[in-house]
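**Student:** Take a look at this one; I'll ask things after.
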Amino acid sequence: MEAEKKKDIRSLTKDQLRDFFVSQGDQSFRGNQVYEWLWKKGAHTFDAMTNISKETRERLESHFVINHIKVDQMQRSKDGTIKNAVRLHDGLVVESVLIPTKNRTTACVSSQVGCSLDCKFCATARLKRMRNLNPDEIYDQVVAIDNESRLYFNKPLSNIVFMGMGEPLMNYNNVLKAIDKITAAEGLGMSPKRITLSTSGVPKMIKKMADDGVKFKLAVSLHSAIEDIRTSIMPFNASFSLADLREALEYWYAKTKSRITYEYVVWKGINDTQKDVDALVAFCRFAPSKVNLIEYNPIDDGQFQQANAQTIAMYVETLERNGIIVTVRRSRGKDIDAACGQLANKS
Ligand code: SAH
């Protein structure tokens with residue numbers, strides 16, 4: 001109980017930490033030292049802070065806790081992909097994934113426990129949203145994967161995608177704070193250009209991101225550019241319509257000049273006709289964009305089936321003929337349920 005009453009020290013900004021020391025009659029630069037231990041050096045205990053006096057460490061101990069994640073289980077796919085089951089301080093679990101390719105290693109991180117959206121084809125959607133992740137819980141997933149990347153692939157993490165569990169724009173403030181730490185010199189010092197936030201498309205929040213002048217990239221899980229089809233597979237589209245999404249994306253591009261990536265799965269009998277691809281082409285004209293056709297990862301009941309190669313080829317041909325860049329993405333980590341849409345804590 002005692003521990004629960006104490007504040008998580010990592011919820012404090014650097015200034016707040018400096019103020020804490022001043023309020024204790026100490027000097028403000030102690031705040032900088034502790035901040036560095038917490039974020040740059042990843043200390044999980046106050047005792048690890050060796051240049052801080054015992055007395056000060058005890059004082060910190062009496063006021064604060066350091067909540068941190070723990071990688072409970074790590075699974076490795078035969079293609080090299082690693083999936084971490086990450087236990088949070090309150091016992092809940094999320095998953096994050098390390099995807100190695102020839103030139104990069106990418107972390108796919110979660111932003112919520114469960115998800116508040118209801119995409120019919122996604123395993124995470126079947127878990128109700130339990131809570132948002134705190135900035136440090138998002139940051140720690142990245143640090144854990146960076147360590148694994150160094151250990152198993154001899155190089156630091158190069159890219160981050162917010163494509164794990166949850167809808168990042170439904171936990172925007174914490175995601176932004178985590179990205180601030182990831183990109184800060186006193187955090188991981190990564191370039192925001194190597195970070196992609198993927199959203200199902202929350203128009204109001206896309207505009208807010210544009211207003212906030214964020215420097216990371218935006219991906220939108222589109223899956224259909226036809227209103228009623230999109231609503232049938234992503235029911236929240238009834239409230240966040242394609243028309244609103246379009247307007248928000250135009251706003252995003254006008255403000256950021258940053259090209260949008262559309263993620264799109266082609267399913268048999270759902271979005272596999274010429275009419276569907278024509279609607280996608282028209283949608284791509286609203287703002288500079290490219291399309292990633294992603295492979296469907298079955299999540300069990302057989303309601304959704306990946307379209308055949310011929311249909312995918314029809315999509316690629318039509319998009320290219322219209323001058324739209326398209327990439328066909330293979331799934332990674334399928335054998336350990338680490339691929340897109342498969343994160344659901346089977347363990
Ligand atoms: N909520 C965010 C991020 C998580 S999902 C978003 O919707 O973008 C990451 C990507 O995986 C999204 O593009 C999503 O549509 C896709 N996805 C979900 N379930 C999938 C599945 N079963 N197979 C392939 N991709 C899936």
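Numbering starts fresh at 1 for the residues of each chain in the structure tokens, the chains themselves are lettered A, B, ... in the order given, and ligands are numbered from 1 as they appear.
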Check which residues of chain A sit at most 8 Å from ligand 1 using only C-alpha atoms and all ligand atoms, and return one row each with the closest pair of atoms and their distance in Å to one decimal, ordered by chain and rising number, as a Markdown table.
**Tutor:**
```
| residue | atom | partner | partner_atom_place_in_ligand_line | distance |
| --- | --- | --- | --- | --- |
| A:Ser110 | CA | ligand 1 | 4 (C) | 7.8 |
| A:Cys115 | CA | ligand 1 | 1 (N) | 7.5 |
| A:Leu117 | CA | ligand 1 | 1 (N) | 7.5 |
| A:Cys119 | CA | ligand 1 | 18 (C) | 7.3 |
| A:Phe121 | CA | ligand 1 | 22 (N) | 5.0 |
| A:Cys122 | CA | ligand 1 | 19 (N) | 3.6 |
| A:Ala123 | CA | ligand 1 | 19 (N) | 6.4 |
| A:Thr124 | CA | ligand 1 | 19 (N) | 7.7 |
| A:Phe162 | CA | ligand 1 | 3 (C) | 6.1 |
| A:Met163 | CA | ligand 1 | 4 (C) | 4.0 |
| A:Gly164 | CA | ligand 1 | 4 (C) | 5.0 |
| A:Met165 | CA | ligand 1 | 4 (C) | 5.6 |
| A:Gly166 | CA | ligand 1 | 1 (N) | 5.1 |
| A:Glu167 | CA | ligand 1 | 1 (N) | 3.7 |
| A:Pro168 | CA | ligand 1 | 1 (N) | 6.3 |
| A:Leu197 | CA | ligand 1 | 3 (C) | 7.7 |
| A:Ser198 | CA | ligand 1 | 8 (O) | 4.1 |
| A:Thr199 | CA | ligand 1 | 8 (O) | 3.6 |
| A:Ser200 | CA | ligand 1 | 7 (O) | 3.8 |
| A:Gly201 | CA | ligand 1 | 7 (O) | 7.4 |
| A:Ala219 | CA | ligand 1 | 8 (O) | 7.0 |
| A:Val220 | CA | ligand 1 | 8 (O) | 5.8 |
| A:Ser221 | CA | ligand 1 | 13 (O) | 4.2 |
| A:Leu222 | CA | ligand 1 | 15 (O) | 7.3 |
| A:His223 | CA | ligand 1 | 15 (O) | 7.1 |
| A:Glu263 | CA | ligand 1 | 13 (O) | 5.1 |
| A:Tyr264 | CA | ligand 1 | 13 (O) | 6.8 |
| A:Val265 | CA | ligand 1 | 24 (C) | 6.5 |
| A:Ile294 | CA | ligand 1 | 24 (C) | 6.2 |
| A:Glu295 | CA | ligand 1 | 24 (C) | 5.7 |
| A:Tyr296 | CA | ligand 1 | 23 (N) | 3.9 |
| A:Asn297 | CA | ligand 1 | 23 (N) | 3.9 |
| A:Pro298 | CA | ligand 1 | 22 (N) | 5.4 |
| A:Ile299 | CA | ligand 1 | 22 (N) | 5.7 |
| A:Ser331 | CA | ligand 1 | 24 (C) | 8.0 |
| A:Ala339 | CA | ligand 1 | 24 (C) | 7.2 |
| A:Cys340 | CA | ligand 1 | 11 (O) | 4.2 |
| A:Gly341 | CA | ligand 1 | 19 (N) | 3.1 |
| A:Gln342 | CA | ligand 1 | 22 (N) | 5.9 |
```
**Student:** For the structure I just gave you, how does DSSP split stretch 56-303 of chain A - specifically, which residues are strand (DSSP E)? Reply as a PyMOL selection string.
**Tutor:** chain A and resi 64-65+70-76+82-87+93-100+105-108+112-113+131-132+159-162+195-199+217-221+260-264+289-294
**Student:** Report as number ranges by chain all protein, DNA and RNA residues lying within 7 Å of A:Phe236, evaluated on only C-alpha atoms, omitting residues in the same chain fewer than 4 positions from it.
**Tutor:** A: 117-118, 231, 240
**Student:** For the residues in the current selection, export all heavy atoms as a PDB file, in the first residue's frame.
**Tutor:**
```pdb
ATOM      1  N   LEU A 117     -10.691   0.782 -29.899  1.00  0.00           N
ATOM      2  CA  LEU A 117     -11.374   0.684 -31.185  1.00  0.00           C
ATOM      3  C   LEU A 117     -11.834  -0.753 -31.422  1.00  0.00           C
ATOM      4  O   LEU A 117     -11.541  -1.647 -30.635  1.00  0.00           O
ATOM      5  CB  LEU A 117     -10.468   1.200 -32.304  1.00  0.00           C
ATOM      6  CG  LEU A 117     -10.054   2.662 -32.111  1.00  0.00           C
ATOM      7  CD1 LEU A 117      -9.204   3.142 -33.264  1.00  0.00           C
ATOM      8  CD2 LEU A 117     -11.283   3.562 -31.953  1.00  0.00           C
ATOM      9  N   ASP A 118     -12.539  -0.933 -32.514  1.00  0.00           N
ATOM     10  CA  ASP A 118     -13.228  -2.207 -32.681  1.00  0.00           C
ATOM     11  C   ASP A 118     -13.052  -2.804 -34.081  1.00  0.00           C
ATOM     12  O   ASP A 118     -13.998  -3.317 -34.658  1.00  0.00           O
ATOM     13  CB  ASP A 118     -14.720  -2.010 -32.373  1.00  0.00           C
ATOM     14  CG  ASP A 118     -15.279  -0.762 -33.079  1.00  0.00           C
ATOM     15  OD1 ASP A 118     -14.558  -0.168 -33.913  1.00  0.00           O
ATOM     16  OD2 ASP A 118     -16.430  -0.387 -32.807  1.00  0.00           O
ATOM     17  N   THR A 231     -16.875   1.364 -42.644  1.00  0.00           N
ATOM     18  CA  THR A 231     -17.647   1.263 -41.396  1.00  0.00           C
ATOM     19  C   THR A 231     -17.944  -0.195 -41.048  1.00  0.00           C
ATOM     20  O   THR A 231     -17.947  -0.574 -39.876  1.00  0.00           O
ATOM     21  CB  THR A 231     -18.963   2.065 -41.514  1.00  0.00           C
ATOM     22  OG1 THR A 231     -18.624   3.432 -41.808  1.00  0.00           O
ATOM     23  CG2 THR A 231     -19.763   2.029 -40.226  1.00  0.00           C
ATOM     24  N   PHE A 240     -16.064   8.638 -36.877  1.00  0.00           N
ATOM     25  CA  PHE A 240     -14.941   9.387 -37.482  1.00  0.00           C
ATOM     26  C   PHE A 240     -14.959   9.097 -38.981  1.00  0.00           C
ATOM     27  O   PHE A 240     -14.211   8.244 -39.447  1.00  0.00           O
ATOM     28  CB  PHE A 240     -13.588   8.908 -36.938  1.00  0.00           C
ATOM     29  CG  PHE A 240     -13.456   8.919 -35.444  1.00  0.00           C
ATOM     30  CD1 PHE A 240     -12.796   7.888 -34.788  1.00  0.00           C
ATOM     31  CD2 PHE A 240     -13.948   9.961 -34.685  1.00  0.00           C
ATOM     32  CE1 PHE A 240     -12.642   7.887 -33.409  1.00  0.00           C
ATOM     33  CE2 PHE A 240     -13.798   9.978 -33.306  1.00  0.00           C
ATOM     34  CZ  PHE A 240     -13.145   8.935 -32.667  1.00  0.00           C
TER      35      PHE A 240
END
```
**Student:** Could you go through stretch 85-163 of chain A and tell me which residues DSSP, when run on the backbone, assigns to helix (DSSP H, G or I), listing them as a PyMOL selection string?
**Tutor:** chain A and resi 124-126+135-153
**Student:** Set the distance at 12 Å and use only C-alpha atoms: which residues neighbour stretch 304-321 of chain A once local chain neighbours fewer than 5 positions away are removed? I'd like the list as a ChimeraX atom specification.
**Tutor:** /A:119-122,233,264-285,289-299,326-329
**Student:** Excluding A:Gln141 and its own-chain neighbours fewer than 3 positions away, which residues fall within 8 Å of it when counting only C-alpha atoms? Please give them as a ChimeraX atom specification.
**Tutor:** /A:69,86,96,109,137-138,144-145
**Student:** Can you pull out the residues contacting A:Leu17? Cut-off 10 Å, using only C-alpha atoms, and skip same-chain residues under 2 positions away; I want them as JSON, numbers by chain.
**Tutor:** {"A": [9, 10, 11, 12, 13, 14, 15, 19, 20, 21, 22, 23, 28, 29, 30, 31, 32, 33, 34, 35]}
**Student:** If you count only C-alpha atoms, which residues fall within 8 Å of A:Asn171, apart from same-chain ones fewer than 6 positions away, as a ChimeraX atom specification?
**Tutor:** /A:111-112,132-133
**Student:** Restrict the selected residues to all heavy atoms and save them as a compact mmCIF listing (two decimals), in the first residue's frame.
**Tutor:**
```txt
# COMPACT_ATOMS: atom_id res chain seq x y z
N SER A 111 0.73 1.25 -27.26
CA SER A 111 0.41 2.53 -26.63
C SER A 111 -0.71 2.41 -25.60
O SER A 111 -0.91 3.31 -24.79
CB SER A 111 0.02 3.56 -27.69
OG SER A 111 -1.03 3.07 -28.49
N GLN A 112 -1.46 1.31 -25.63
CA GLN A 112 -2.53 1.09 -24.66
C GLN A 112 -2.55 -0.39 -24.27
O GLN A 112 -2.06 -1.24 -25.02
CB GLN A 112 -3.91 1.42 -25.28
CG GLN A 112 -4.09 2.87 -25.70
CD GLN A 112 -5.48 3.12 -26.29
OE1 GLN A 112 -5.95 2.36 -27.13
NE2 GLN A 112 -6.12 4.20 -25.85
N ASN A 132 -4.54 3.39 -20.54
CA ASN A 132 -3.48 3.94 -21.37
C ASN A 132 -2.13 3.61 -20.76
O ASN A 132 -2.01 3.49 -19.54
CB ASN A 132 -3.61 5.47 -21.42
CG ASN A 132 -4.76 5.90 -22.30
OD1 ASN A 132 -5.18 5.16 -23.19
ND2 ASN A 132 -5.27 7.09 -22.06
N LEU A 133 -1.11 3.50 -21.59
CA LEU A 133 0.24 3.35 -21.07
C LEU A 133 0.78 4.74 -20.70
O LEU A 133 0.47 5.73 -21.35
CB LEU A 133 1.15 2.71 -22.11
CG LEU A 133 0.86 1.25 -22.45
CD1 LEU A 133 1.94 0.69 -23.37
CD2 LEU A 133 0.75 0.39 -21.20
```
